[in-house]
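Asks: Provided herewith is a single structure, encoded as structure tokens, for subsequent inquiry.
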Amino acid sequence: MSASVTNRADLRAFSAGMIALAVILAIAVLGMTIGAVTLSVSQVVDGLAGGKSAFIVTQYRAPRVVISILAGASFGMAGVFLQGALRNPLASPDVVGITKCAGLGAFLAGLVSPPALAIWSIPAGVVAGAVVGAMMLLTIGRSFGGGIAALALVGVAIGLFGQALMQYVMVLFPTRADQSMIWLAGSVYGSTGAKVMALSLWLVLCLPLVFIAGLRLDAGGFGDETLISLGILPGRLRGGLITVSVLLTAGAVASVGSMGFLGLLAPHAARLLVGARARHLLPVSALIGALTLSAADLIGRVIALPNEIPAGIVAAVIGGPYLIFLLIKEAGRHD
Amino acid sequence: MTEASHSRLSSKDLSLGYATTKILEHVDIAIPDGKITAMIGANGSGKSTLLKTLGRILQPIDGTVLLDGRAIAGLPSRDIARTLALLPQSPVSPDGLTVRQLCRFGRHPHKGMLTRTTRHDEEIVEQALAATGLSDLTERPLDRLSGGQRQRAWIAMALAQETPILLLDEPTTYLDIAHQLEVLNLLRDLNRTQGRTIVMVVHDLNHAAQYADHIVAVANGGIHAAGRPVDLLTPDLIRTVFDVDAMVIPHPADGTPLCLPLSIDF
Amino acid sequence: MAASIAKSETRNGPVNPIAVGAVFLVLLAIAIVAGITFGVSNLPVSRALNLLFSPDGSADSALVWDVRLPRAMLAIAVGTNLAIAGVLIQTLTRNPLASPQTFGINAGASLVIVVCLIFWPEIRGAGMVWPAFAGAATIGFAMWALAASGTMNDMKLALAGISIQLVLAALVQAILIANNTAQDIVYWLAGSINGAQWSKVWIILPFTLTGAAAALIAGRHFDILALDETTGLSLGQNAKRVGGLAAIIIVILAGSAVAVSGPIGFIGLLVPHIVRRLVGGDHMAVIILSAICGPLLLNSADLIGRMTAFPAETPVGIVTALIGAPAFLMILWRQRVR
């Protein structure tokens, strides 16, 4: 009986994952057909294989599609880890201001360092910003005693502050305003093969950590007293989960800016589909994150032709109502 | 008494409390091996704090908790977790866990989280589930269990931890009388059949009297008294510890002391 | 609840409201004069004051009368609107975290105006007030329905409001980008009183005066609204009617402010807290003092925005967000202590 139940849950997660994957692929191909020159699906496939449209497909369109998938998956997993670590369904890096701080870090780093060093300084700035944001959240949030909405509100305030600070710097350095708009709103516009390489490399480096943290994610749902009784140090466990979440967020923000609400939406949608067990939740949340960002980008590109709405804005429009829905659903529970 | 020589868990000159205020001072306590110990005391007397400190969830302000003669603060947490398990008053679990999945977490101190569950682990889990009468409910999610069943599931997890010592913080709160007895009978069974040392904080004096071999009364910033229920539970003690006048008569069924409160003494 | 807030906030004994009002007025006057003297072409204080009382037709005079004075006046009107709207909404919902911004009302007004501007670009000036009212009222009603359902605590309600604000802001951004009007983004997202003209002052002024007057006349009743509903009923108060009146005033004040300056945040949240902390819970005093403190705060923020990035200008909405976000955390903190 045990085996059959586990198998049923596994099967469910597997089919959900496969369907998500199929949709992602469909959106990816569709995404590569659209642009200044409309290509047919066969032209895209041909281009990927090195055919006639190879340049436009592999240089411009494929990187953008791949970045959407990788960054979306990162946001999706980062949300799972942070929510698990803090046992708070609203605690995703985008709701609690970590992505905004990471974006600010990137913008400031790009501002102060010479352009030649930007390739190093911007990622460093992203990581620094994300870490500072997470530390502020935890320090301030802890002293609040940790109500679910309280922590989220603290994070929102931190995010608003980070955003205002970035806007202020934008005013000071108007020539850099374009860049800061991207960090602020989140966009996959202008993705290059180099960016794809950088993010892939980062994710490969993070992968062992993601794997280890994933195995420990379920335990994060226990209270601290139970953890101690089991011989697990709660501080180390939660600190580790938060660290992985911050690393994933940093990687994603460094490539696409502060995308809104993906880290909130993906884990919740995944939980509805496949339940709360880490082994099902984590991969499915990653896939749904990838799916959502790809879809947001596609929508942003086609909805207002010839203009392009940054994917981050589309994601906020899709994801924000979800937060409100969650609040209404969770109203009266927990605290 | 020869308790000290048969006690794996004890404390020496322990002072507990929070940053500025001490709740208990100079506590020397020895938990008798293979017995059921009940901690009693008024609300806020510090009995739960004492239990949590014995289970190294809280750090004492002063003094040491000794496990097998060694200071518990210096031992690796996982080593302790193979000797001693603590069940909090209202434990929080991950969402959607089944009974078996919960119980498997009890194996953590023996294997770590990165290694797979072995055949041996599964056998221990199975035994723990059987001992707590949950064999038919193994695939039931925790949130679909009754209060008593859920408490038994948590006890099953602690059992799977295979610790000789089991600490429980008010295991019967929030349960109705039938479920309270269900849990207490289970604990007595575990003690009698498996020889586990059990320490529990209980509110009901008569439960303490009926189920415990040893009672620790916490009051007035320290251990007021400790001993066998028959010797310990007297009207005098109840007045000092709870500020309540009571008669104590032998229980008609089994002769254990039965406390009948008279009125609150203002 | 608001009553209990008022009590605890005056722990150290309330300060005399008239003294507070006098200090606020002096500070406001200083801020206005500073605002008039400071700029790319700096005027000495004496010259600025002279021109203020006897314009002489010079370039400096035009600078004072056509650029800097209308700006100060607009800040006064907008500040008054947002501050009084903040007082009323916090009283109405008995939620210290409520404000036209944190409940998404400003963003609602902003979105509807932007949508209308896209379809009817000929809308100008006073015409923008009506869509603003519609947007403010819609979101206000939605938040009221959420609050009235009673299932959300203060913090969840504020979080829901801020989420609504974020979503609407994203929509505004999307619409502006889609229509190639990206340069207006900061104005419609953060708010600004840059480039104020007398015409804008004349648009908002009637609503400021009406709203403030209505709030003052009804002030006594709001005191009762601050008690819980049952007590209000037992005192013979028709809570619904007073609540409805308060809601209409909030929509008028917040909507007209957004129509002329975009959705400036945090003024409506902070001012009531500052004032209540100083003088306690009497609503007449709180409304009057908020009507002075709001302009003071907005003028000061505008001045800071003009000075700190000189010669560039930081839109005042960004300055209020920089000051307001940490202050919001402090309000949250006091909320938790309670």
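Here's how to read the names in the structure tokens: chain A, B, ... by the order shown, residue numbers from 1 in each chain, ligand numbers from 1 in the order shown.
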Within 7 Å of segment 22-29 of chain A, counting only C-alpha atoms, which residues qualify if same-chain residues fewer than 5 places away don't, as a list in words?
Replies: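 Final neighbour list, sorted by chain and number: Val41, Val65, Leu291, Ser294 and Ala295 of chain A.
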Asks: Limited to N, CA and C atoms, could you put the picked residues into a file as a compact mmCIF listing (two decimals), in the first residue's frame?
Replies:
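As a result, part-v2.txt now contains:
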```txt
# COMPACT_ATOMS: atom_id res chain seq x y z
N VAL A 41 7.74 27.67 -38.01
CA VAL A 41 8.31 26.71 -37.06
C VAL A 41 9.43 25.91 -37.73
N VAL A 65 14.99 32.88 -25.19
CA VAL A 65 14.11 31.80 -24.75
C VAL A 65 14.77 30.99 -23.63
N LEU A 291 7.98 28.05 -17.13
CA LEU A 291 6.80 28.19 -17.99
C LEU A 291 6.24 29.61 -17.88
N SER A 294 8.57 32.26 -19.46
CA SER A 294 8.53 32.15 -20.93
C SER A 294 7.23 32.73 -21.47
N ALA A 295 6.13 32.36 -20.80
CA ALA A 295 4.83 32.84 -21.27
C ALA A 295 4.73 34.35 -21.11
```
Asks: Could you list, with a cut-off of 6 Å and counting only C-alpha atoms, the residues of chain A near chain B, each shown with its nearest atom pair and the distance in Å rounded to one decimal, rows sorted by chain and ascending number, as CSV?
Replies:
```
residue,atom,partner,partner_atom,distance
A:Gly221,CA,B:Pro94,CA,3.8
A:Phe222,CA,B:Ser93,CA,4.5
A:Gly223,CA,B:Val92,CA,4.9
A:Ser229,CA,B:Ala85,CA,5.2
A:Leu230,CA,B:Ala81,CA,5.4
A:Gly231,CA,B:Arg78,CA,4.1
```
Asks: Print the selection's residues with N, CA and C atoms to a file, as a PDB file, in the first residue's frame.
Replies:
```
ATOM      1  N   GLY A 221       9.943  22.117   7.504  1.00  0.00           N
ATOM      2  CA  GLY A 221       8.560  22.290   7.938  1.00  0.00           C
ATOM      3  C   GLY A 221       8.340  21.971   9.404  1.00  0.00           C
ATOM      4  N   PHE A 222       9.319  21.337  10.058  1.00  0.00           N
ATOM      5  CA  PHE A 222       9.178  21.044  11.478  1.00  0.00           C
ATOM      6  C   PHE A 222       9.437  22.292  12.305  1.00  0.00           C
ATOM      7  N   GLY A 223       8.893  22.305  13.510  1.00  0.00           N
ATOM      8  CA  GLY A 223       9.245  23.362  14.450  1.00  0.00           C
ATOM      9  C   GLY A 223      10.678  23.168  14.938  1.00  0.00           C
ATOM     10  N   SER A 229      15.363  17.981  18.641  1.00  0.00           N
ATOM     11  CA  SER A 229      15.186  16.633  19.160  1.00  0.00           C
ATOM     12  C   SER A 229      15.698  15.591  18.173  1.00  0.00           C
ATOM     13  N   LEU A 230      15.607  15.888  16.883  1.00  0.00           N
ATOM     14  CA  LEU A 230      16.090  14.954  15.858  1.00  0.00           C
ATOM     15  C   LEU A 230      17.588  15.099  15.620  1.00  0.00           C
ATOM     16  N   GLY A 231      18.210  16.008  16.350  1.00  0.00           N
ATOM     17  CA  GLY A 231      19.636  16.194  16.173  1.00  0.00           C
ATOM     18  C   GLY A 231      19.997  17.098  15.017  1.00  0.00           C
TER      19      GLY A 231
END
```
Asks: Which residues are near Gln210 of chain B? Cut-off 10 Å, only C-alpha atoms, ignore same chain within fewer than 5 positions. Put them as an mmCIF file with all heavy atoms, in the first residue's frame.
Replies:
```cif
data_model
loop_
_atom_site.group_PDB
_atom_site.id
_atom_site.type_symbol
_atom_site.label_atom_id
_atom_site.label_comp_id
_atom_site.auth_asym_id
_atom_site.auth_seq_id
_atom_site.Cartn_x
_atom_site.Cartn_y
_atom_site.Cartn_z
ATOM 1 N N LEU B 184 -1.571 7.988 27.450
ATOM 2 C CA LEU B 184 -0.880 7.592 28.673
ATOM 3 C C LEU B 184 -0.680 6.072 28.742
ATOM 4 O O LEU B 184 0.384 5.590 29.149
ATOM 5 C CB LEU B 184 -1.668 8.085 29.893
ATOM 6 C CG LEU B 184 -1.614 9.606 30.092
ATOM 7 C CD1 LEU B 184 -2.640 10.053 31.124
ATOM 8 C CD2 LEU B 184 -0.213 10.045 30.495
ATOM 9 N N LEU B 205 -2.927 15.854 38.237
ATOM 10 C CA LEU B 205 -2.223 15.167 39.314
ATOM 11 C C LEU B 205 -2.570 13.687 39.356
ATOM 12 O O LEU B 205 -1.727 12.842 39.648
ATOM 13 C CB LEU B 205 -2.602 15.809 40.656
ATOM 14 C CG LEU B 205 -1.984 17.169 40.934
ATOM 15 C CD1 LEU B 205 -2.373 17.636 42.323
ATOM 16 C CD2 LEU B 205 -0.484 17.053 40.801
ATOM 17 N N PRO B 229 4.894 8.473 43.945
ATOM 18 C CA PRO B 229 3.597 9.134 44.105
ATOM 19 C C PRO B 229 3.001 8.915 45.488
ATOM 20 O O PRO B 229 2.515 9.844 46.113
ATOM 21 C CB PRO B 229 2.740 8.492 43.016
ATOM 22 C CG PRO B 229 3.696 8.012 41.998
ATOM 23 C CD PRO B 229 4.956 7.678 42.709
ATOM 24 N N VAL B 230 3.055 7.676 45.973
ATOM 25 C CA VAL B 230 2.435 7.369 47.257
ATOM 26 C C VAL B 230 3.049 8.211 48.373
ATOM 27 O O VAL B 230 2.359 8.690 49.276
ATOM 28 C CB VAL B 230 2.666 5.886 47.636
ATOM 29 C CG1 VAL B 230 1.524 5.360 48.431
ATOM 30 C CG2 VAL B 230 2.972 5.066 46.430
ATOM 31 N N HIS B 251 -6.878 5.355 45.536
ATOM 32 C CA HIS B 251 -7.776 5.114 44.412
ATOM 33 C C HIS B 251 -8.503 3.795 44.637
ATOM 34 O O HIS B 251 -7.861 2.776 44.925
ATOM 35 C CB HIS B 251 -6.970 5.058 43.109
ATOM 36 C CG HIS B 251 -7.818 5.166 41.885
ATOM 37 N ND1 HIS B 251 -8.686 4.181 41.511
ATOM 38 C CD2 HIS B 251 -7.931 6.145 40.959
ATOM 39 C CE1 HIS B 251 -9.291 4.548 40.384
ATOM 40 N NE2 HIS B 251 -8.852 5.745 40.044
ATOM 41 N N ASP B 254 -6.922 0.939 42.103
ATOM 42 C CA ASP B 254 -5.552 0.426 42.154
ATOM 43 C C ASP B 254 -4.738 0.940 43.342
ATOM 44 O O ASP B 254 -3.549 0.656 43.454
ATOM 45 C CB ASP B 254 -4.826 0.744 40.843
ATOM 46 C CG ASP B 254 -4.831 2.221 40.554
ATOM 47 O OD1 ASP B 254 -5.178 3.003 41.466
ATOM 48 O OD2 ASP B 254 -4.495 2.605 39.425
ATOM 49 N N GLY B 255 -5.356 1.678 44.212
ATOM 50 C CA GLY B 255 -4.661 2.093 45.418
ATOM 51 C C GLY B 255 -3.694 3.243 45.268
ATOM 52 O O GLY B 255 -3.062 3.673 46.226
ATOM 53 N N THR B 256 -3.539 3.796 44.034
ATOM 54 C CA THR B 256 -2.663 4.960 43.877
ATOM 55 C C THR B 256 -3.349 6.165 44.529
ATOM 56 O O THR B 256 -4.561 6.173 44.694
ATOM 57 C CB THR B 256 -2.430 5.269 42.384
ATOM 58 O OG1 THR B 256 -3.706 5.417 41.766
ATOM 59 C CG2 THR B 256 -1.658 4.157 41.718
ATOM 60 N N PRO B 257 -2.555 7.182 44.881
ATOM 61 C CA PRO B 257 -3.170 8.338 45.538
ATOM 62 C C PRO B 257 -4.136 9.044 44.592
ATOM 63 O O PRO B 257 -3.833 9.221 43.407
ATOM 64 C CB PRO B 257 -1.987 9.237 45.882
ATOM 65 C CG PRO B 257 -0.762 8.481 45.569
ATOM 66 C CD PRO B 257 -1.113 7.313 44.739
ATOM 67 N N LEU B 258 -5.279 9.443 45.130
ATOM 68 C CA LEU B 258 -6.270 10.151 44.320
ATOM 69 C C LEU B 258 -6.506 11.498 44.973
ATOM 70 O O LEU B 258 -6.848 11.581 46.151
ATOM 71 C CB LEU B 258 -7.566 9.331 44.283
ATOM 72 C CG LEU B 258 -8.737 9.900 43.484
ATOM 73 C CD1 LEU B 258 -8.399 10.017 42.016
ATOM 74 C CD2 LEU B 258 -9.960 8.999 43.659
#
```
Asks: Near chain C, which residues of chain A fall within 9 Å when you count only C-alpha atoms, and what do they look like as JSON, numbers by chain?
Replies: {"A": [140, 143, 144, 145, 148, 149, 150, 152, 153, 154, 156, 157, 158, 159, 160, 161, 162, 163, 164, 165, 167, 168, 169, 170, 171, 172, 174, 185, 300, 303, 304, 305, 306, 307, 308, 309, 310, 312, 313, 314, 315, 316, 317, 318, 319, 320, 321, 323, 324, 325, 327, 328, 330, 331, 332, 333, 335]}
Asks: Interatomic distance between atom CA of Leu86 of chain A and atom CA of Leu203 of chain A?
Replies: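 A separation of 22.9 Å between them.
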Asks: Have a look at atom CA of Pro60 of chain B and atom CA of Asp33 of chain B and let me know their distance in Å, one decimal.
Replies: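 These two atoms are separated by 22.7 Å.
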Asks: So which residues touch segment 4-13 of chain B within 6 Å, counting only C-alpha atoms, skipping near sequence neighbours fewer than 3 positions away, as a ChimeraX atom specification?
Replies: /B:26-33,63-68
Asks: Write the selection just made, keeping C-alpha atoms, as a compact mmCIF listing (two decimals), in the first residue's frame?
Replies:
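Once written, out30.txt looks like this:
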```
# COMPACT_ATOMS: atom_id res chain seq x y z
CA HIS B 26 20.12 25.26 41.91
CA VAL B 27 18.27 22.36 40.37
CA ASP B 28 19.82 18.97 40.99
CA ILE B 29 17.66 16.33 39.45
CA ALA B 30 18.24 12.72 38.48
CA ILE B 31 15.85 10.98 36.13
CA PRO B 32 15.53 7.34 37.20
CA ASP B 33 16.27 4.94 34.35
CA GLY B 63 24.95 24.69 35.70
CA THR B 64 25.02 21.60 33.51
CA VAL B 65 22.78 18.88 32.22
CA LEU B 66 24.56 15.54 32.30
CA LEU B 67 23.86 12.75 29.86
CA ASP B 68 25.71 9.55 30.77
```
Asks: Out of segment 25-266 of chain B, which residues get alpha helix (DSSP H) from DSSP, as JSON, numbers by chain?
Replies: {"B": [47, 48, 49, 50, 51, 52, 53, 54, 77, 78, 79, 80, 81, 99, 100, 101, 102, 103, 104, 105, 108, 109, 110, 111, 119, 120, 121, 122, 123, 124, 125, 126, 127, 128, 129, 130, 131, 147, 148, 149, 150, 151, 152, 153, 154, 155, 156, 157, 158, 159, 160, 177, 178, 179, 180, 181, 182, 183, 184, 185, 186, 187, 188, 189, 190, 191, 192, 193, 194, 205, 206, 207, 208, 209, 210, 211, 229, 230, 231, 232, 235, 236, 237, 238, 239, 240, 241, 242]}
Asks: Can you list every residue in segment 14-261 of chain B that DSSP puts in strand (DSSP E or B), as a PyMOL selection string?
Replies: chain B and resi 14-17+22-31+36-41+62-67+70-71+84-87+98+141+165-169+197-201+214-219+222-227+244-250+257-261
Asks: Can you work out the spacing between atom CA of Val251 of chain C and atom CA of Val201 of chain C in Å, to one decimal?
Replies: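 One can read the atom CA of Val251 of chain C to atom CA of Val201 of chain C distance as 18.2 Å.
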Asks: Please provide as a ChimeraX atom specification all residues within 7 Å of Pro164 of chain B, with the sequence filter that same-chain residues fewer than 3 positions apart are discarded (counting only C-alpha atoms).
Replies: /B:83-84,196-197
